[in-house]
Amino acid sequence: MKIGKYCAILGNALGTHKLDQLVNSRPLATLPFDGKYRLIDFQLSNLVNAGITNICGVFSQKNVPSVLDHIRTGREWGLNSLLNHFFVGFYSNDDIGENVTDSTYYPQLLTFLRRSHSVYTVFSTADVLCNINLEQLIHVHEVNQRNMSVVYKKMPKEQMSSVNSVLNLDETDTVSCVKDYDASHYAEDDLIAMSTGIYIINTDFLISLMEVEQYEESPRKLRYLLLDKLVDVAALGYEYAGYMKNIHDVKSYYDANMDMLDPQKFTSLLHATQKVYTKVKNEEATYFANSSEIFNSQFASGSVIEGRVENSIISRRCQLEKEACISDSIIFPNVKIGTGARVQYAIVDKEVEIAPGVQVIGTKEKPIIIEKQGRVTEDRTL
């Protein structure tokens, strides 16, 4: 792939995500995943694996610090050389509507695209989790000579959300109709062609669309602009058949993490034909005391485990004291769980302390969330 021919825009995820306290201090893009990754790692890795290293990420102003802290110089993704770049843009107003943006949004994206001198632009967001070979998508797009192509995935009804869009395609794989998802229109065993929000667009054509949209009274965010143009431009639909998770609420995020305890799904996402890169932390290995009991769980580095862990994911630098029990849970970094405490069906955010003997119990359908830096001294159950 010729360097410089391609660039990419990473957009903010949809504004209606029901992720509660998990996104109070971070965008969905930097939510932890599987103990050591962030969701944005998958989009960045997809791009750099395809040789695309001229990237612009656009986020709301309040969420930029979390992104900058994770990406830093971009070294882990090979974005810190003279010819490779990761830019961060931001818009300042999140209160004007889910799909509408402010006057700062398009000028900075247009500046990036014009300076990129690229022929094609890839657009994606962090709310769809996958490890996709973008070189194949780009090849199909070039061969078919379309202005725009969009990736779709046939998803079961149980993984769809009202924020998703459904595509109808004709016999030439051209998008013929785009509609909002309505659960009442589908049977339980239907597979639904969901737009993943991953596009490849001819850059000159994209610039022309954006130049018009920026002067609208209520300019739409790029994701919605592209979705609205799919039928008009006869966009090509490209089916992705690998592992994918549609992250739109707490339950879908929880389920995506729990999928990583299934060896087949873990291998499909993280050990496919291309690597997933993340910020490197050189730490000592996790210590398992003689008192520890471990069943079907994953651990990042730097933790001390003295209690029981079952069907759970434990991030970096956590401390689980004797007779404490964690099951069916996701534990973020720097969490301390006291002696005899019990945590089940929970998502425990960073730097939480759970006092000895306390019970934190949710349900499989509604995992309980313990907010970042919380101090839990009394039982919390749903």
# chains A, B, ... in the order shown; residues from 1 in each chain; ligands from 1
>>> closest_atom_pairs(of="segment 258-360 of chain A", to="segment 66-86 of chain A", cutoff="9 Å", atoms="only C-alpha atoms", output="JSON lines")
{"residue": "A:Tyr277", "atom": "CA", "partner": "A:Trp77", "partner_atom": "CA", "distance": 6.3}
{"residue": "A:Thr278", "atom": "CA", "partner": "A:Glu76", "partner_atom": "CA", "distance": 6.3}
{"residue": "A:Lys279", "atom": "CA", "partner": "A:Glu76", "partner_atom": "CA", "distance": 6.0}
{"residue": "A:Val280", "atom": "CA", "partner": "A:Glu76", "partner_atom": "CA", "distance": 7.1}
>>> residues_around(residues="segment 205-220 of chain A", least_positions_apart="3", cutoff="8 Å", atoms="only C-alpha atoms", output="number ranges by chain")
A: 99-103, 106-107, 110, 113, 147, 201-202, 223-225
>>> select_by_dssp(residues="segment 191-288 of chain A", states="helix (DSSP H, G or I)", output="ChimeraX atom specification")
/A:203-213,222-229,250-259,263-270
>>> atom_distance(atom1="atom CA of Gly362 of chain A", atom2="atom CA of Asp255 of chain A")
13.9 Å
>>> residues_around(residues="Cys177 of chain A", least_positions_apart="3", cutoff="10 Å", atoms="only C-alpha atoms", output="NGL selection string")
:A and (166-170 or 174 or 230-232 or 234)
>>> closest_residue(among="A:Gln108, A:Asn246, A:Ser161, A:Gln145", to="Cys130 of chain A", atoms="only C-alpha atoms")
A:Asn246
>>> atom_distance(atom1="atom CA of Asp180 of chain A", atom2="atom CA of Leu31 of chain A")
26.0 Å
>>> atom_distance(atom1="atom CA of Phe33 of chain A", atom2="atom CA of Asp349 of chain A")
11.7 Å
>>> residues_around(residues="Val128 of chain A", least_positions_apart="2", cutoff="7 Å", atoms="only C-alpha atoms", output="list in words")
Thr125, Ala126, Cys130, Thr196, Met244, Lys245, Asn246 and Ile247 of chain A
>>> write_last_selection(atoms="all heavy atoms", output="JSON list (two decimals), in the first residue's frame")
[["chain", "number", "residue", "atom", "x", "y", "z"],
["A", 125, "THR", "N", -15.51, 4.67, 13.98],
["A", 125, "THR", "CA", -15.73, 5.11, 15.36],
["A", 125, "THR", "C", -15.49, 3.93, 16.30],
["A", 125, "THR", "O", -15.30, 2.80, 15.87],
["A", 125, "THR", "CB", -17.16, 5.64, 15.57],
["A", 125, "THR", "OG1", -18.08, 4.59, 15.32],
["A", 125, "THR", "CG2", -17.45, 6.80, 14.63],
["A", 126, "ALA", "N", -15.51, 4.22, 17.60],
["A", 126, "ALA", "CA", -15.08, 3.23, 18.59],
["A", 126, "ALA", "C", -16.20, 2.36, 19.13],
["A", 126, "ALA", "O", -15.95, 1.50, 19.96],
["A", 126, "ALA", "CB", -14.40, 3.95, 19.76],
["A", 130, "CYS", "N", -13.98, -4.60, 16.48],
["A", 130, "CYS", "CA", -13.62, -5.63, 15.51],
["A", 130, "CYS", "C", -12.14, -5.51, 15.16],
["A", 130, "CYS", "O", -11.50, -4.50, 15.44],
["A", 130, "CYS", "CB", -14.48, -5.52, 14.24],
["A", 130, "CYS", "SG", -14.20, -4.01, 13.28],
["A", 196, "THR", "N", -21.79, -0.62, 10.24],
["A", 196, "THR", "CA", -20.78, -0.59, 11.30],
["A", 196, "THR", "C", -20.22, 0.81, 11.53],
["A", 196, "THR", "O", -19.45, 1.02, 12.47],
["A", 196, "THR", "CB", -19.62, -1.53, 10.97],
["A", 196, "THR", "OG1", -18.94, -1.02, 9.81],
["A", 196, "THR", "CG2", -20.11, -2.94, 10.70],
["A", 244, "MET", "N", -17.42, -9.39, 15.81],
["A", 244, "MET", "CA", -17.76, -7.98, 15.98],
["A", 244, "MET", "C", -18.72, -7.84, 17.13],
["A", 244, "MET", "O", -19.61, -8.67, 17.32],
["A", 244, "MET", "CB", -18.37, -7.41, 14.70],
["A", 244, "MET", "CG", -18.76, -5.94, 14.81],
["A", 244, "MET", "SD", -19.35, -5.27, 13.23],
["A", 244, "MET", "CE", -17.79, -5.12, 12.36],
["A", 245, "LYS", "N", -18.55, -6.78, 17.90],
["A", 245, "LYS", "CA", -19.47, -6.48, 18.99],
["A", 245, "LYS", "C", -19.94, -5.04, 18.85],
["A", 245, "LYS", "O", -19.13, -4.13, 18.66],
["A", 245, "LYS", "CB", -18.78, -6.67, 20.35],
["A", 245, "LYS", "CG", -19.75, -6.98, 21.47],
["A", 245, "LYS", "CD", -20.36, -8.36, 21.34],
["A", 245, "LYS", "CE", -21.24, -8.72, 22.53],
["A", 245, "LYS", "NZ", -21.79, -10.07, 22.42],
["A", 246, "ASN", "N", -21.23, -4.86, 18.95],
["A", 246, "ASN", "CA", -21.87, -3.55, 18.85],
["A", 246, "ASN", "C", -22.05, -3.01, 20.27],
["A", 246, "ASN", "O", -22.91, -3.47, 21.01],
["A", 246, "ASN", "CB", -23.21, -3.71, 18.13],
["A", 246, "ASN", "CG", -24.01, -2.45, 18.08],
["A", 246, "ASN", "OD1", -23.45, -1.36, 18.05],
["A", 246, "ASN", "ND2", -25.33, -2.58, 18.05],
["A", 247, "ILE", "N", -21.22, -2.04, 20.66],
["A", 247, "ILE", "CA", -21.22, -1.56, 22.04],
["A", 247, "ILE", "C", -22.08, -0.31, 22.14],
["A", 247, "ILE", "O", -21.71, 0.76, 21.67],
["A", 247, "ILE", "CB", -19.78, -1.30, 22.52],
["A", 247, "ILE", "CG1", -19.01, -2.62, 22.51],
["A", 247, "ILE", "CG2", -19.78, -0.69, 23.92],
["A", 247, "ILE", "CD1", -17.56, -2.50, 22.87]]
>>> closest_residue(among="A:Asn144, A:Ala241, A:Ala289, A:Glu158", to="Leu269 of chain A", atoms="only C-alpha atoms")
A:Ala241
>>> residues_around(residues="segment 291-300 of chain A", least_positions_apart="4", cutoff="6 Å", atoms="only C-alpha atoms", output="PyMOL selection string")
chain A and resi 35+306-316
>>> write_last_selection(atoms="N, CA and C atoms", output="JSON list (two decimals), in the first residue's frame")
[["chain", "number", "residue", "atom", "x", "y", "z"],
["A", 35, "GLY", "N", -8.82, -6.07, 30.11],
["A", 35, "GLY", "CA", -7.73, -5.98, 31.07],
["A", 35, "GLY", "C", -6.60, -5.06, 30.72],
["A", 306, "GLU", "N", -4.86, -12.95, 46.31],
["A", 306, "GLU", "CA", -4.86, -13.87, 47.44],
["A", 306, "GLU", "C", -6.20, -14.58, 47.62],
["A", 307, "GLY", "N", -7.23, -14.13, 46.90],
["A", 307, "GLY", "CA", -8.56, -14.71, 47.04],
["A", 307, "GLY", "C", -8.97, -15.52, 45.84],
["A", 308, "ARG", "N", -10.29, -15.60, 45.60],
["A", 308, "ARG", "CA", -10.86, -16.44, 44.55],
["A", 308, "ARG", "C", -11.35, -15.56, 43.39],
["A", 309, "VAL", "N", -11.01, -15.96, 42.17],
["A", 309, "VAL", "CA", -11.44, -15.26, 40.96],
["A", 309, "VAL", "C", -12.02, -16.27, 39.98],
["A", 310, "GLU", "N", -13.24, -16.02, 39.53],
["A", 310, "GLU", "CA", -13.91, -16.94, 38.61],
["A", 310, "GLU", "C", -14.63, -16.14, 37.52],
["A", 311, "ASN", "N", -14.42, -16.54, 36.27],
["A", 311, "ASN", "CA", -15.10, -15.93, 35.11],
["A", 311, "ASN", "C", -14.99, -14.40, 35.15],
["A", 312, "SER", "N", -13.79, -13.90, 35.34],
["A", 312, "SER", "CA", -13.60, -12.46, 35.48],
["A", 312, "SER", "C", -12.35, -11.99, 34.75],
["A", 313, "ILE", "N", -12.29, -10.67, 34.55],
["A", 313, "ILE", "CA", -11.15, -10.03, 33.91],
["A", 313, "ILE", "C", -10.58, -9.00, 34.87],
["A", 314, "ILE", "N", -9.30, -9.18, 35.22],
["A", 314, "ILE", "CA", -8.64, -8.33, 36.21],
["A", 314, "ILE", "C", -7.56, -7.51, 35.51],
["A", 315, "SER", "N", -7.65, -6.20, 35.63],
["A", 315, "SER", "CA", -6.70, -5.30, 34.97],
["A", 315, "SER", "C", -5.43, -5.14, 35.79],
["A", 316, "ARG", "N", -4.60, -4.20, 35.42],
["A", 316, "ARG", "CA", -3.29, -4.00, 36.03],
["A", 316, "ARG", "C", -3.38, -3.48, 37.47]]
>>> select_by_dssp(residues="segment 54-227 of chain A", states="strand (DSSP E or B)", output="PyMOL selection string")
chain A and resi 54-60+85-91+100+120-125+128-130+148-156+165-169+174-180+191-202+220
>>> residues_around(residues="Leu129 of chain A", least_positions_apart="2", cutoff="12 Å", atoms="only C-alpha atoms", output="ChimeraX atom specification")
/A:13,28-29,31,33-34,37-46,124-127,131-132,153,196-198,240,242-248,252-253,255-257,259,268-270,276
>>> residues_around(residues="Lys281 of chain A", least_positions_apart="5", cutoff="10 Å", atoms="only C-alpha atoms", output="PyMOL selection string")
chain A and resi 36+301-302+316
>>> write_last_selection(atoms="N, CA, C and O atoms", output="mmCIF file, in the first residue's frame")
data_model
loop_
_atom_site.group_PDB
_atom_site.id
_atom_site.type_symbol
_atom_site.label_atom_id
_atom_site.label_comp_id
_atom_site.auth_asym_id
_atom_site.auth_seq_id
_atom_site.Cartn_x
_atom_site.Cartn_y
_atom_site.Cartn_z
ATOM 1 N N LYS A 36 -6.236 -4.969 29.419
ATOM 2 C CA LYS A 36 -5.070 -4.140 29.088
ATOM 3 C C LYS A 36 -5.270 -3.259 27.860
ATOM 4 O O LYS A 36 -4.405 -2.424 27.553
ATOM 5 N N SER A 301 -0.883 -7.414 34.200
ATOM 6 C CA SER A 301 0.309 -7.479 35.043
ATOM 7 C C SER A 301 0.150 -6.671 36.327
ATOM 8 O O SER A 301 -0.741 -5.845 36.481
ATOM 9 N N GLY A 302 1.052 -6.949 37.289
ATOM 10 C CA GLY A 302 1.212 -6.097 38.453
ATOM 11 C C GLY A 302 0.233 -6.273 39.593
ATOM 12 O O GLY A 302 0.228 -5.485 40.529
ATOM 13 N N ARG A 316 -4.599 -4.196 35.421
ATOM 14 C CA ARG A 316 -3.290 -4.003 36.027
ATOM 15 C C ARG A 316 -3.380 -3.485 37.470
ATOM 16 O O ARG A 316 -4.283 -2.751 37.827
#
